[in-house]
file input.tsv (TSV, C-alpha atoms and all ligand atoms)
chain	number	residue	atom	x	y	z
Z	1	MET	CA	5.27	0.40	-22.10
Z	2	GLU	CA	6.09	-0.25	-18.47
Z	3	PRO	CA	5.63	2.82	-16.27
Z	4	TYR	CA	8.73	4.42	-14.90
Z	5	LEU	CA	7.07	6.16	-11.98
Z	6	SER	CA	4.09	4.93	-9.94
Z	7	ILE	CA	2.10	7.03	-7.49
Z	8	VAL	CA	0.19	5.19	-4.78
Z	9	ILE	CA	-2.69	6.80	-2.87
Z	10	PRO	CA	-4.91	5.08	-0.27
Z	11	ILE	CA	-8.45	6.47	-0.14
Z	12	TYR	CA	-10.95	6.10	2.67
Z	13	ASN	CA	-13.95	8.43	2.58
Z	14	GLU	CA	-12.16	11.29	0.88
Z	15	GLU	CA	-14.89	12.56	-1.46
Z	16	GLU	CA	-14.25	16.17	-0.46
Z	17	ASN	CA	-10.56	15.93	-1.25
Z	18	ILE	CA	-10.49	13.90	-4.44
Z	19	PRO	CA	-11.32	16.72	-6.90
Z	20	VAL	CA	-8.60	19.07	-5.63
Z	21	LEU	CA	-6.16	16.21	-5.17
Z	22	TRP	CA	-6.66	15.07	-8.74
Z	23	GLU	CA	-6.40	18.59	-10.10
Z	24	ARG	CA	-3.12	19.31	-8.32
Z	25	LEU	CA	-1.68	15.85	-8.86
Z	26	SER	CA	-2.38	15.65	-12.58
Z	27	LYS	CA	-0.91	19.12	-13.01
Z	28	VAL	CA	2.29	18.12	-11.22
Z	29	MET	CA	2.58	14.91	-13.20
Z	30	ALA	CA	2.07	16.69	-16.53
Z	31	GLU	CA	4.56	19.42	-15.73
Z	32	ALA	CA	7.28	17.51	-13.90
Z	33	PHE	CA	7.21	14.24	-15.84
Z	34	PRO	CA	6.37	15.06	-19.46
Z	35	ASP	CA	9.04	12.73	-20.86
Z	36	PRO	CA	7.26	9.99	-22.84
Z	37	ALA	CA	10.30	7.78	-22.28
Z	38	LYS	CA	9.48	7.87	-18.58
Z	39	PRO	CA	5.76	7.12	-18.38
Z	40	TRP	CA	3.89	7.30	-15.10
Z	41	GLU	CA	0.82	5.72	-13.56
Z	42	ILE	CA	-1.32	6.50	-10.54
Z	43	VAL	CA	-2.84	3.71	-8.48
Z	44	PHE	CA	-5.59	4.55	-6.00
Z	45	THR	CA	-6.82	2.01	-3.50
Z	46	ASP	CA	-10.38	2.51	-2.40
Z	47	ASP	CA	-10.20	1.12	1.12
Z	48	GLY	CA	-13.90	0.40	1.50
Z	49	SER	CA	-15.11	4.00	1.39
Z	50	ARG	CA	-18.76	4.54	2.26
Z	51	ASP	CA	-19.08	7.85	0.44
Z	52	ARG	CA	-18.79	8.72	-3.24
Z	53	SER	CA	-14.99	8.26	-3.33
Z	54	LEU	CA	-15.03	5.05	-5.35
Z	55	ALA	CA	-17.42	6.40	-7.96
Z	56	MET	CA	-15.28	9.52	-8.33
Z	57	LEU	CA	-12.09	7.50	-8.72
Z	58	VAL	CA	-13.64	5.20	-11.31
Z	59	GLU	CA	-14.77	8.30	-13.19
Z	60	ILE	CA	-11.18	9.56	-13.22
Z	61	ALA	CA	-9.88	6.19	-14.36
Z	62	LYS	CA	-12.36	6.18	-17.24
Z	63	ALA	CA	-10.98	9.43	-18.56
Z	64	GLU	CA	-7.31	8.74	-17.85
Z	65	PRO	CA	-5.86	5.33	-18.81
Z	66	ARG	CA	-2.81	5.92	-16.64
Z	67	VAL	CA	-5.02	5.77	-13.55
Z	68	LYS	CA	-5.88	2.48	-11.93
Z	69	VAL	CA	-8.28	1.94	-9.02
Z	70	VAL	CA	-7.98	-1.07	-6.75
Z	71	GLU	CA	-11.32	-1.62	-5.04
Z	72	PHE	CA	-11.25	-3.39	-1.67
Z	73	ASN	CA	-14.37	-5.17	-0.50
Z	74	ARG	CA	-14.19	-3.41	2.85
Z	75	ASN	CA	-11.97	-1.21	5.01
Z	76	TYR	CA	-8.63	-2.79	5.89
Z	77	GLY	CA	-6.63	0.23	6.97
Z	78	GLN	CA	-4.14	2.56	5.37
Z	79	HIS	CA	-1.15	0.24	5.30
Z	80	SER	CA	-3.10	-2.64	3.79
Z	81	ALA	CA	-4.48	-0.23	1.22
Z	82	ILE	CA	-0.96	0.77	0.27
Z	83	PHE	CA	0.01	-2.89	-0.02
Z	84	GLY	CA	-3.00	-3.46	-2.27
Z	85	ALA	CA	-1.67	-0.79	-4.60
Z	86	PHE	CA	1.93	-2.05	-4.34
Z	87	ALA	CA	0.73	-5.35	-5.76
Z	88	GLU	CA	-0.44	-3.46	-8.86
Z	89	VAL	CA	2.32	-0.95	-9.50
Z	90	ARG	CA	4.90	-1.51	-12.21
Z	91	GLY	CA	7.11	1.57	-11.86
Z	92	ARG	CA	10.86	1.63	-11.25
Z	93	ILE	CA	10.14	4.27	-8.65
Z	94	VAL	CA	7.12	4.17	-6.35
Z	95	VAL	CA	5.84	7.18	-4.41
Z	96	THR	CA	3.18	6.96	-1.70
Z	97	LEU	CA	1.12	9.87	-0.47
Z	98	ASP	CA	-2.01	10.68	1.54
Z	99	ALA	CA	-5.18	11.78	-0.17
Z	100	ASP	CA	-6.06	14.56	2.24
Z	101	LEU	CA	-3.54	17.00	0.75
Z	102	GLN	CA	-1.52	17.09	3.95
Z	103	ASN	CA	1.30	15.87	1.70
Z	104	PRO	CA	1.53	18.38	-1.15
Z	105	PRO	CA	1.73	16.54	-4.50
Z	106	GLU	CA	4.07	19.31	-5.62
Z	107	GLU	CA	6.82	17.68	-3.54
Z	108	ILE	CA	6.79	14.46	-5.58
Z	109	PRO	CA	9.54	15.49	-8.04
Z	110	LYS	CA	11.91	16.21	-5.16
Z	111	LEU	CA	11.52	12.66	-3.83
Z	112	VAL	CA	11.82	11.10	-7.28
Z	113	ALA	CA	15.05	12.99	-7.88
Z	114	LYS	CA	16.51	11.49	-4.71
Z	115	VAL	CA	15.67	7.93	-5.79
Z	116	GLU	CA	17.26	8.68	-9.14
Z	117	GLU	CA	20.39	9.68	-7.22
Z	118	GLY	CA	20.51	6.09	-5.99
Z	119	TYR	CA	18.64	6.04	-2.70
Z	120	ASP	CA	16.35	3.06	-2.04
Z	121	VAL	CA	14.03	4.83	0.35
Z	122	VAL	CA	13.35	8.55	0.53
Z	123	GLY	CA	11.22	9.74	3.42
Z	124	GLY	CA	9.44	13.03	3.66
Z	125	TRP	CA	10.29	15.00	6.76
Z	126	ARG	CA	7.35	17.21	7.60
Z	127	GLN	CA	8.23	20.81	8.17
Z	128	GLY	CA	5.91	22.91	10.30
Z	129	ARG	CA	3.83	19.94	11.43
Z	130	GLN	CA	0.35	21.38	11.68
Z	131	GLN	CA	-0.36	21.92	15.30
Z	132	ASN	CA	-4.10	21.86	14.81
Z	133	ASP	CA	-3.59	18.22	14.29
Z	134	SER	CA	-4.88	17.61	17.79
Z	135	PHE	CA	-2.70	16.77	20.76
Z	136	PHE	CA	-3.94	13.19	20.57
Z	137	ARG	CA	-2.71	13.00	16.99
Z	138	THR	CA	0.75	14.59	17.41
Z	139	MET	CA	1.68	13.09	20.76
Z	140	PRO	CA	1.37	9.45	19.60
Z	141	SER	CA	3.33	10.37	16.47
Z	142	LYS	CA	6.17	11.56	18.63
Z	143	ILE	CA	6.12	8.27	20.50
Z	144	VAL	CA	5.94	6.35	17.22
Z	145	ASN	CA	8.96	8.20	15.93
Z	146	ALA	CA	10.96	7.63	19.09
Z	147	VAL	CA	10.12	3.93	19.30
Z	148	THR	CA	10.80	3.34	15.64
Z	149	ARG	CA	14.14	5.02	15.93
Z	150	LYS	CA	15.00	2.70	18.81
Z	151	THR	CA	13.64	-0.52	17.33
Z	152	THR	CA	14.85	-0.14	13.76
Z	153	GLY	CA	18.10	1.59	14.61
Z	154	VAL	CA	17.67	3.93	11.65
Z	155	LYS	CA	17.78	7.50	12.73
Z	156	LEU	CA	15.21	9.39	10.75
Z	157	HIS	CA	13.30	12.41	11.96
Z	158	ASP	CA	9.89	11.46	10.73
Z	159	TYR	CA	8.53	7.95	10.21
Z	160	GLY	CA	4.92	9.01	10.25
Z	161	CYS	CA	5.04	10.98	7.02
Z	162	MET	CA	3.57	8.84	4.27
Z	163	LEU	CA	4.90	11.01	1.48
Z	164	ARG	CA	7.74	8.64	0.63
Z	165	ALA	CA	9.50	7.19	-2.38
Z	166	TYR	CA	10.81	3.66	-2.82
Z	167	SER	CA	12.93	1.88	-5.37
Z	168	ARG	CA	11.47	-1.11	-7.23
Z	169	GLU	CA	13.69	-3.51	-5.28
Z	170	VAL	CA	12.37	-2.33	-1.93
Z	171	VAL	CA	8.74	-2.57	-3.06
Z	172	ASP	CA	9.34	-6.10	-4.35
Z	173	ALA	CA	10.93	-7.07	-1.04
Z	174	MET	CA	7.97	-5.65	0.88
Z	175	LEU	CA	5.56	-7.59	-1.31
Z	176	LEU	CA	7.28	-10.78	-0.20
Z	177	CYS	CA	6.37	-10.01	3.41
Z	178	LYS	CA	3.23	-11.89	4.23
Z	179	GLU	CA	2.76	-10.70	7.77
Z	180	ARG	CA	-0.49	-8.91	8.31
Z	181	SER	CA	0.44	-6.16	10.67
Z	182	SER	CA	3.13	-3.98	9.36
Z	183	PHE	CA	4.19	-0.42	9.27
Z	184	ILE	CA	5.40	0.35	5.79
Z	185	PRO	CA	8.07	3.00	6.49
Z	186	ALA	CA	9.83	0.75	9.00
Z	187	LEU	CA	9.45	-2.32	6.80
Z	188	ALA	CA	10.91	-0.48	3.83
Z	189	ASN	CA	13.91	0.63	5.83
Z	190	SER	CA	14.69	-2.92	6.80
Z	191	PHE	CA	15.23	-3.73	3.11
Z	192	ALA	CA	16.99	-0.58	2.06
Z	193	LYS	CA	20.66	0.06	1.75
Z	194	ARG	CA	20.61	3.78	1.22
Z	195	ILE	CA	18.01	5.77	3.08
Z	196	THR	CA	17.57	9.50	3.14
Z	197	GLU	CA	15.09	12.18	4.08
Z	198	VAL	CA	14.03	15.35	2.35
Z	199	PRO	CA	12.14	18.18	4.00
Z	200	VAL	CA	8.59	18.46	2.69
Z	201	ALA	CA	5.84	20.93	3.37
Z	202	HIS	CA	2.96	19.81	5.54
Z	203	ALA	CA	-0.48	21.29	5.25
Z	204	GLU	CA	-3.66	20.96	7.21
Z	205	ARG	CA	-6.06	18.24	6.21
Z	206	ALA	CA	-7.95	19.94	3.37
Z	207	ALA	CA	-11.34	18.52	4.29
Z	208	GLY	CA	-12.90	15.79	6.36
Z	209	GLU	CA	-11.50	14.31	9.53
Z	210	SER	CA	-8.45	12.24	10.34
Z	211	LYS	CA	-9.27	8.57	9.88
Z	212	TYR	CA	-7.12	7.70	12.86
Z	213	GLY	CA	-8.80	7.66	16.21
Z	214	LEU	CA	-6.85	7.07	19.39
Z	215	TRP	CA	-7.54	3.34	19.23
Z	216	LYS	CA	-6.30	2.93	15.66
Z	217	LEU	CA	-3.14	4.74	16.67
Z	218	ILE	CA	-2.56	2.51	19.68
Z	219	ASN	CA	-2.95	-0.45	17.36
Z	220	LEU	CA	-0.49	0.97	14.89
Z	221	GLN	CA	1.98	1.53	17.71
Z	222	PHE	CA	1.68	-2.09	18.80
Z	223	ASP	CA	2.12	-3.20	15.18
Z	224	LEU	CA	5.30	-1.27	15.08
Z	225	LEU	CA	6.61	-2.48	18.38
Z	226	THR	CA	5.84	-6.15	17.97
Z	227	SER	CA	6.63	-6.58	14.31
Z	228	PHE	CA	10.05	-5.02	14.38
Z	229	SER	CA	11.53	-5.95	17.69
Z	230	LEU	CA	11.58	-8.43	20.49
Z	231	LEU	CA	12.85	-5.75	22.82
Z	232	PRO	CA	9.65	-5.53	24.90
Z	233	LEU	CA	9.77	-9.27	25.55
Z	234	GLN	CA	13.39	-9.04	26.53
Z	235	MET	CA	12.65	-6.06	28.75
Z	236	LEU	CA	10.09	-8.21	30.56
Z	237	SER	CA	12.79	-10.50	31.88
Z	238	VAL	CA	14.99	-7.59	32.83
Z	239	VAL	CA	12.16	-5.96	34.77
Z	240	GLY	CA	11.31	-9.31	36.33
Z	241	VAL	CA	14.86	-9.77	37.56
Z	242	LEU	CA	14.92	-6.25	38.94
Z	243	ILE	CA	11.65	-6.68	40.81
Z	244	ALA	CA	12.70	-10.05	42.22
Z	245	PHE	CA	15.97	-8.51	43.36
Z	246	LEU	CA	14.16	-5.62	45.03
Z	247	GLY	CA	11.82	-8.05	46.73
Z	248	PHE	CA	14.73	-10.06	48.02
Z	249	ALA	CA	16.55	-6.96	49.26
Z	250	LEU	CA	13.45	-5.88	51.08
Z	251	PHE	CA	13.11	-9.28	52.68
Z	252	VAL	CA	16.70	-9.15	53.92
Z	253	GLY	CA	16.10	-5.61	55.17
Z	254	LEU	CA	13.01	-6.63	57.10
Z	255	MET	CA	14.80	-9.60	58.66
Z	256	ALA	CA	17.67	-7.39	59.74
Z	257	TYR	CA	15.23	-4.89	61.23
Z	258	ARG	CA	13.55	-7.69	63.17
Z	259	PHE	CA	16.89	-8.78	64.64
Z	260	LEU	CA	18.01	-5.27	65.53
Z	261	HIS	CA	14.69	-4.13	66.98
Z	262	PRO	CA	12.94	-7.22	68.33
Z	263	GLU	CA	10.46	-4.98	70.17
Z	264	GLY	CA	9.47	-2.79	67.18
Z	265	THR	CA	6.46	-3.47	64.97
Z	266	VAL	CA	7.30	-3.19	61.28
Z	267	GLY	CA	5.33	-0.68	59.18
Z	268	GLY	CA	2.58	-3.17	58.64
Z	269	VAL	CA	-0.17	-3.89	56.23
Z	270	PHE	CA	0.04	-0.70	54.20
Z	271	SER	CA	3.54	-1.18	52.99
Z	272	LEU	CA	2.61	-4.73	52.15
Z	273	PHE	CA	-0.26	-3.47	50.04
Z	274	ALA	CA	2.02	-1.04	48.28
Z	275	LEU	CA	4.35	-3.86	47.43
Z	276	LEU	CA	1.57	-6.11	46.35
Z	277	PHE	CA	0.13	-3.54	43.99
Z	278	PHE	CA	3.56	-2.96	42.55
Z	279	PHE	CA	4.05	-6.63	41.75
Z	280	VAL	CA	0.54	-7.13	40.50
Z	281	GLY	CA	0.91	-4.12	38.25
Z	282	ALA	CA	4.18	-5.38	36.87
Z	283	GLN	CA	2.66	-8.76	36.22
Z	284	PHE	CA	-0.27	-7.31	34.38
Z	285	ILE	CA	2.01	-5.30	32.14
Z	286	ALA	CA	3.99	-8.44	31.46
Z	287	PHE	CA	0.90	-10.50	30.69
Z	288	GLY	CA	-0.45	-7.78	28.49
Z	289	LEU	CA	2.70	-7.68	26.43
Z	290	LEU	CA	2.90	-11.44	26.17
Z	291	GLY	CA	-0.73	-11.50	25.14
Z	292	GLU	CA	-0.04	-8.91	22.47
Z	293	TYR	CA	2.66	-11.06	20.92
Z	294	ILE	CA	0.66	-14.26	21.23
Z	295	GLY	CA	-2.40	-12.60	19.73
Z	296	ARG	CA	-0.31	-11.48	16.81
Z	297	ILE	CA	1.17	-14.95	16.35
Z	298	TYR	CA	-2.36	-16.30	16.33
Z	299	GLN	CA	-3.38	-13.85	13.66
Z	300	GLU	CA	-0.35	-14.69	11.56
Z	301	VAL	CA	-0.79	-18.45	11.74
Z	302	ARG	CA	-4.38	-18.15	10.63
Z	303	ASP	CA	-2.79	-16.67	7.55
Z	304	ARG	CA	-5.82	-14.76	6.44
Z	305	PRO	CA	-5.28	-12.48	3.49
Z	306	ARG	CA	-4.32	-8.95	4.36
Z	307	TYR	CA	-7.07	-7.63	2.09
Z	308	MET	CA	-9.49	-8.73	-0.59
Z	309	VAL	CA	-9.60	-6.98	-3.92
Z	310	LYS	CA	-13.09	-6.80	-5.32
Z	311	LYS	CA	-12.16	-5.32	-8.64
Z	312	VAL	CA	-9.39	-3.40	-10.40
Z	313	HIS	CA	-10.76	-0.52	-12.47
Z	314	GLN	CA	-8.80	0.70	-15.45
Z	315	SER	CA	-9.88	2.01	-18.81
Z	316	LYS	CA	-8.83	0.56	-22.19
Q	401	LIG	N1	-6.78	5.76	4.93
Q	401	LIG	C1	-7.15	4.52	4.39
Q	401	LIG	N2	-7.76	3.60	5.19
Q	401	LIG	C2	-7.99	3.83	6.53
Q	401	LIG	C3	-7.58	5.07	7.07
Q	401	LIG	C4	-6.98	6.01	6.25
Q	401	LIG	O1	-6.95	4.28	3.20
Q	401	LIG	O2	-8.54	2.96	7.19
Q	401	LIG	C5	-6.14	6.76	4.05
Q	401	LIG	C6	-6.82	8.13	4.06
Q	401	LIG	O3	-7.85	8.20	3.10
Q	401	LIG	C7	-5.68	9.05	3.72
Q	401	LIG	C8	-4.50	8.37	4.38
Q	401	LIG	O4	-4.86	7.01	4.54
Q	401	LIG	O5	-5.43	9.13	2.34
Q	401	LIG	C9	-4.13	9.01	5.69
Q	401	LIG	O6	-5.23	9.08	6.53
Q	401	LIG	P1	-5.48	10.29	7.53
Q	401	LIG	O7	-5.23	11.58	6.83
Q	401	LIG	O8	-6.81	10.11	8.15
Q	401	LIG	O9	-4.36	10.02	8.60
Q	401	LIG	P2	-3.51	11.14	9.39
Q	401	LIG	O10	-3.15	12.23	8.43
Q	401	LIG	O11	-4.39	11.60	10.50
Q	401	LIG	O12	-2.32	10.35	9.84
Q	402	MG	MG	-4.03	13.11	7.10

call {"tool": "encode", "arguments": {"input": "input.tsv", "output": "structure tokens"}}
result
Amino acid sequence: MEPYLSIVIPIYNEEENIPVLWERLSKVMAEAFPDPAKPWEIVFTDDGSRDRSLAMLVEIAKAEPRVKVVEFNRNYGQHSAIFGAFAEVRGRIVVTLDADLQNPPEEIPKLVAKVEEGYDVVGGWRQGRQQNDSFFRTMPSKIVNAVTRKTTGVKLHDYGCMLRAYSREVVDAMLLCKERSSFIPALANSFAKRITEVPVAHAERAAGESKYGLWKLINLQFDLLTSFSLLPLQMLSVVGVLIAFLGFALFVGLMAYRFLHPEGTVGGVFSLFALLFFFVGAQFIAFGLLGEYIGRIYQEVRDRPRYMVKKVHQSK
């Protein structure tokens, strides 16, 4: 029988969290979704873990036929891992969540209920965001949220929370997207008609460290910016026009000064340097942005697969 509800969990070096995660998750599933008419499945993606995660997941799958493990041949990143699982899920409703127990599995029924009400996408809105997530982890999230709000035009509080539920239609639409760099919450919203948010609890990472360093976050931010909007490119021309206009105004000003004070010497080399640095800086920003888009186009046209599945583990 086709599953009604699918849970998707990306795993990268989470051996310390898997036992507790599985214990809490299986309890929630048994208690909240006992109806045999609405069967569920859980799909883990092992995103190239180097610890015992894969072995532990396969062990779980051996004992529980409703668990499937998609094994990647190496690490491709959280969003690719989620896509890898999306390709496997069959449920009418699909819920994603992190493995580190920052997203309490106990909140799953709340999200499912919202999809059943008819929403296509239900986002978790983290309450009491853990502040011992370091400054470098929360500050970029704030920027991500602000930029996403601007670029997608959908006003949600929290795009970063990966505890989210999607309708079958939205998952199918996302699977049609072949682009490599994408940010699932924003992508989902672009296919959804009815979007809502529910407040969810947010805990500290139970064990291990965040898999996102500053660099990975910067990359994610660029993914978001370039794959959902051309705004930065358009801003380039606006800034260019502004700078050119300023330059022209300054030129006119200097000429006028020359005429009015033929004997005076104009402020000289230093102001010229200031100007020069300003223009050079602006140009570098512009080139950088252009390069970012071109680099991404290059990656897309190569059309490499987003991930490689080595094996799908499932018992029976
Ligand atoms: N993750 C993954 N591949 C990666 C990085 C992370 O599958 O390359 C998984 C990780 O195991 C976890 C989830 O994505 O289940 C979120 O990762 P993390 O908790 O490190 O991110 P944060 O909470 O800091 O945003
Ligand atoms: Mg986390």

call {"tool": "closest_atom_pairs", "arguments": {"input": "input.tsv", "of": "chain Z", "to": "ligand MG 402 (chain Q)", "cutoff": "6 Å", "atoms": "only C-alpha atoms and all ligand atoms", "output": "tab-separated table"}}
result
residue	atom	partner	partner_atom	distance
Z:Asp100	CA	Q:MG402	MG	5.5
Z:Gln102	CA	Q:MG402	MG	5.7
Z:Arg205	CA	Q:MG402	MG	5.6
Z:Ser210	CA	Q:MG402	MG	5.5

call {"tool": "closest_residue", "arguments": {"input": "input.tsv", "among": "Z:His313, Z:Arg24, Z:Arg126, Z:Arg92", "to": "Z:His202", "atoms": "only C-alpha atoms"}}
result
Z:Arg126

call {"tool": "residues_around", "arguments": {"input": "input.tsv", "residues": "stretch 94-97 of chain Z", "least_positions_apart": "5", "cutoff": "7 Å", "atoms": "all atoms listed in the file", "output": "list in words"}}
result
Leu5, Ser6, Ile7, Val8, Ile9, Asn103, Met162, Leu163, Arg164, Ala165, Tyr166, Ser167 and Arg168 of chain Z

call {"tool": "write_last_selection", "arguments": {"input": "input.tsv", "atoms": "C-alpha atoms", "output": "short mmCIF file (atom, residue, chain, number, x, y, z; two decimals), keeping the file's coordinate frame"}}
result
data_model
loop_
_atom_site.label_atom_id
_atom_site.label_comp_id
_atom_site.auth_asym_id
_atom_site.auth_seq_id
_atom_site.Cartn_x
_atom_site.Cartn_y
_atom_site.Cartn_z
CA LEU Z 5 7.07 6.16 -11.98
CA SER Z 6 4.09 4.93 -9.94
CA ILE Z 7 2.10 7.03 -7.49
CA VAL Z 8 0.19 5.19 -4.78
CA ILE Z 9 -2.69 6.80 -2.87
CA ASN Z 103 1.30 15.87 1.70
CA MET Z 162 3.57 8.84 4.27
CA LEU Z 163 4.90 11.01 1.48
CA ARG Z 164 7.74 8.64 0.63
CA ALA Z 165 9.50 7.19 -2.38
CA TYR Z 166 10.81 3.66 -2.82
CA SER Z 167 12.93 1.88 -5.37
CA ARG Z 168 11.47 -1.11 -7.23
#

call {"tool": "residues_around", "arguments": {"input": "input.tsv", "residues": "Z:Met308", "least_positions_apart": "5", "cutoff": "9 Å", "atoms": "all atoms listed in the file", "output": "PyMOL selection string"}}
result
chain Z and resi 71-74+76+84

call {"tool": "residues_around", "arguments": {"input": "input.tsv", "residues": "Z:Trp125", "least_positions_apart": "4", "cutoff": "12 Å", "atoms": "all atoms listed in the file", "output": "ChimeraX atom specification"}}
result
/Z:103,107,111,129,145,156-164,196-202

call {"tool": "atom_distance", "arguments": {"input": "input.tsv", "atom1": "atom CA of Z:Arg149", "atom2": "atom CA of Z:Tyr119"}}
result
19.2 Å

call {"tool": "closest_residue", "arguments": {"input": "input.tsv", "among": "Z:Leu176, Z:Leu214, Z:Leu187, Z:Met29", "to": "ligand LIG 401 (chain Q)", "atoms": "only C-alpha atoms and all ligand atoms"}}
result
Z:Leu214

call {"tool": "residues_near_point", "arguments": {"input": "input.tsv", "point": "(12.4, 6.2, -17.9)", "cutoff": "6 Å", "atoms": "only C-alpha atoms", "output": "JSON, numbers by chain"}}
result
{"Z": [4, 37, 38]}

call {"tool": "axis_aligned_box", "arguments": {"input": "input.tsv", "around": "ligand LIG 401 (chain Q)", "padding_each_side": "8 Å", "output": "lines of an AutoDock Vina configuration file"}}
result
center_x = -5.4
center_y = 7.6
center_z = 6.4
size_x = 22.2
size_y = 25.3
size_z = 24.2

call {"tool": "residues_near_ligand", "arguments": {"input": "input.tsv", "ligand": "ligand LIG 401 (chain Q)", "cutoff": "6 Å", "atoms": "only C-alpha atoms and all ligand atoms", "output": "PyMOL selection string"}}
result
chain Z and resi 10-12+14+47+75-78+81+98-100+210-212

call {"tool": "closest_residue", "arguments": {"input": "input.tsv", "among": "Z:Ile243, Z:Leu236, Z:Ala87, Z:Leu54", "to": "Z:Leu276", "atoms": "all atoms listed in the file"}}
result
Z:Ile243

call {"tool": "closest_residue", "arguments": {"input": "input.tsv", "among": "Z:Pro19, Z:Gly118, Z:Gly48, Z:Gly91", "to": "Z:Pro3", "atoms": "all atoms listed in the file"}}
result
Z:Gly91

call {"tool": "atom_distance", "arguments": {"input": "input.tsv", "atom1": "atom CA of Z:Val144", "atom2": "atom CA of Z:Trp215"}}
result
14.0 Å

call {"tool": "closest_residue", "arguments": {"input": "input.tsv", "among": "Z:Phe44, Z:Phe228, Z:Phe278, Z:Tyr298", "to": "Z:Ala186", "atoms": "all atoms listed in the file"}}
result
Z:Phe228

call {"tool": "closest_residue", "arguments": {"input": "input.tsv", "among": "Z:Glu59, Z:Glu204, Z:Glu263, Z:Asp223", "to": "Z:Gly128", "atoms": "all atoms listed in the file"}}
result
Z:Glu204

call {"tool": "atom_distance", "arguments": {"input": "input.tsv", "atom1": "atom CA of Z:Val241", "atom2": "atom CA of Z:Ile218"}}
result
27.8 Å

call {"tool": "decode", "arguments": {"input": "input.tsv", "residues": "stretch 36-40 of chain Z", "atoms": "all heavy atoms", "output": "mmCIF file, in the first residue's frame"}}
result
data_model
loop_
_atom_site.group_PDB
_atom_site.id
_atom_site.type_symbol
_atom_site.label_atom_id
_atom_site.label_comp_id
_atom_site.auth_asym_id
_atom_site.auth_seq_id
_atom_site.Cartn_x
_atom_site.Cartn_y
_atom_site.Cartn_z
ATOM 1 N N PRO Z 36 -3.944 2.257 10.189
ATOM 2 C CA PRO Z 36 -3.363 1.457 9.107
ATOM 3 C C PRO Z 36 -3.824 1.912 7.722
ATOM 4 O O PRO Z 36 -3.198 1.584 6.714
ATOM 5 C CB PRO Z 36 -3.848 0.026 9.407
ATOM 6 C CG PRO Z 36 -4.927 0.158 10.410
ATOM 7 C CD PRO Z 36 -4.842 1.488 11.066
ATOM 8 N N ALA Z 37 -4.892 2.680 7.685
ATOM 9 C CA ALA Z 37 -5.345 3.212 6.398
ATOM 10 C C ALA Z 37 -4.457 4.366 5.939
ATOM 11 O O ALA Z 37 -4.525 4.796 4.794
ATOM 12 C CB ALA Z 37 -6.790 3.679 6.514
ATOM 13 N N LYS Z 38 -3.660 4.891 6.871
ATOM 14 C CA LYS Z 38 -2.759 5.983 6.524
ATOM 15 C C LYS Z 38 -1.320 5.597 6.867
ATOM 16 O O LYS Z 38 -0.721 6.125 7.790
ATOM 17 C CB LYS Z 38 -3.151 7.257 7.285
ATOM 18 C CG LYS Z 38 -4.484 7.838 6.847
ATOM 19 C CD LYS Z 38 -4.770 9.111 7.614
ATOM 20 C CE LYS Z 38 -6.006 9.815 7.060
ATOM 21 N NZ LYS Z 38 -6.318 11.043 7.781
ATOM 22 N N PRO Z 39 -0.749 4.673 6.095
ATOM 23 C CA PRO Z 39 0.595 4.188 6.421
ATOM 24 C C PRO Z 39 1.661 5.265 6.222
ATOM 25 O O PRO Z 39 1.464 6.198 5.445
ATOM 26 C CB PRO Z 39 0.810 3.043 5.434
ATOM 27 C CG PRO Z 39 -0.161 3.262 4.348
ATOM 28 C CD PRO Z 39 -1.287 4.066 4.869
ATOM 29 N N TRP Z 40 2.758 5.096 6.954
ATOM 30 C CA TRP Z 40 3.842 6.074 6.831
ATOM 31 C C TRP Z 40 5.146 5.391 6.467
ATOM 32 O O TRP Z 40 5.281 4.167 6.583
ATOM 33 C CB TRP Z 40 4.007 6.880 8.121
ATOM 34 C CG TRP Z 40 4.060 6.065 9.376
ATOM 35 C CD1 TRP Z 40 3.008 5.789 10.208
ATOM 36 C CD2 TRP Z 40 5.202 5.408 9.944
ATOM 37 N NE1 TRP Z 40 3.433 5.008 11.255
ATOM 38 C CE2 TRP Z 40 4.774 4.754 11.121
ATOM 39 C CE3 TRP Z 40 6.550 5.302 9.583
ATOM 40 C CZ2 TRP Z 40 5.627 4.017 11.929
ATOM 41 C CZ3 TRP Z 40 7.411 4.562 10.388
ATOM 42 C CH2 TRP Z 40 6.947 3.929 11.551
#
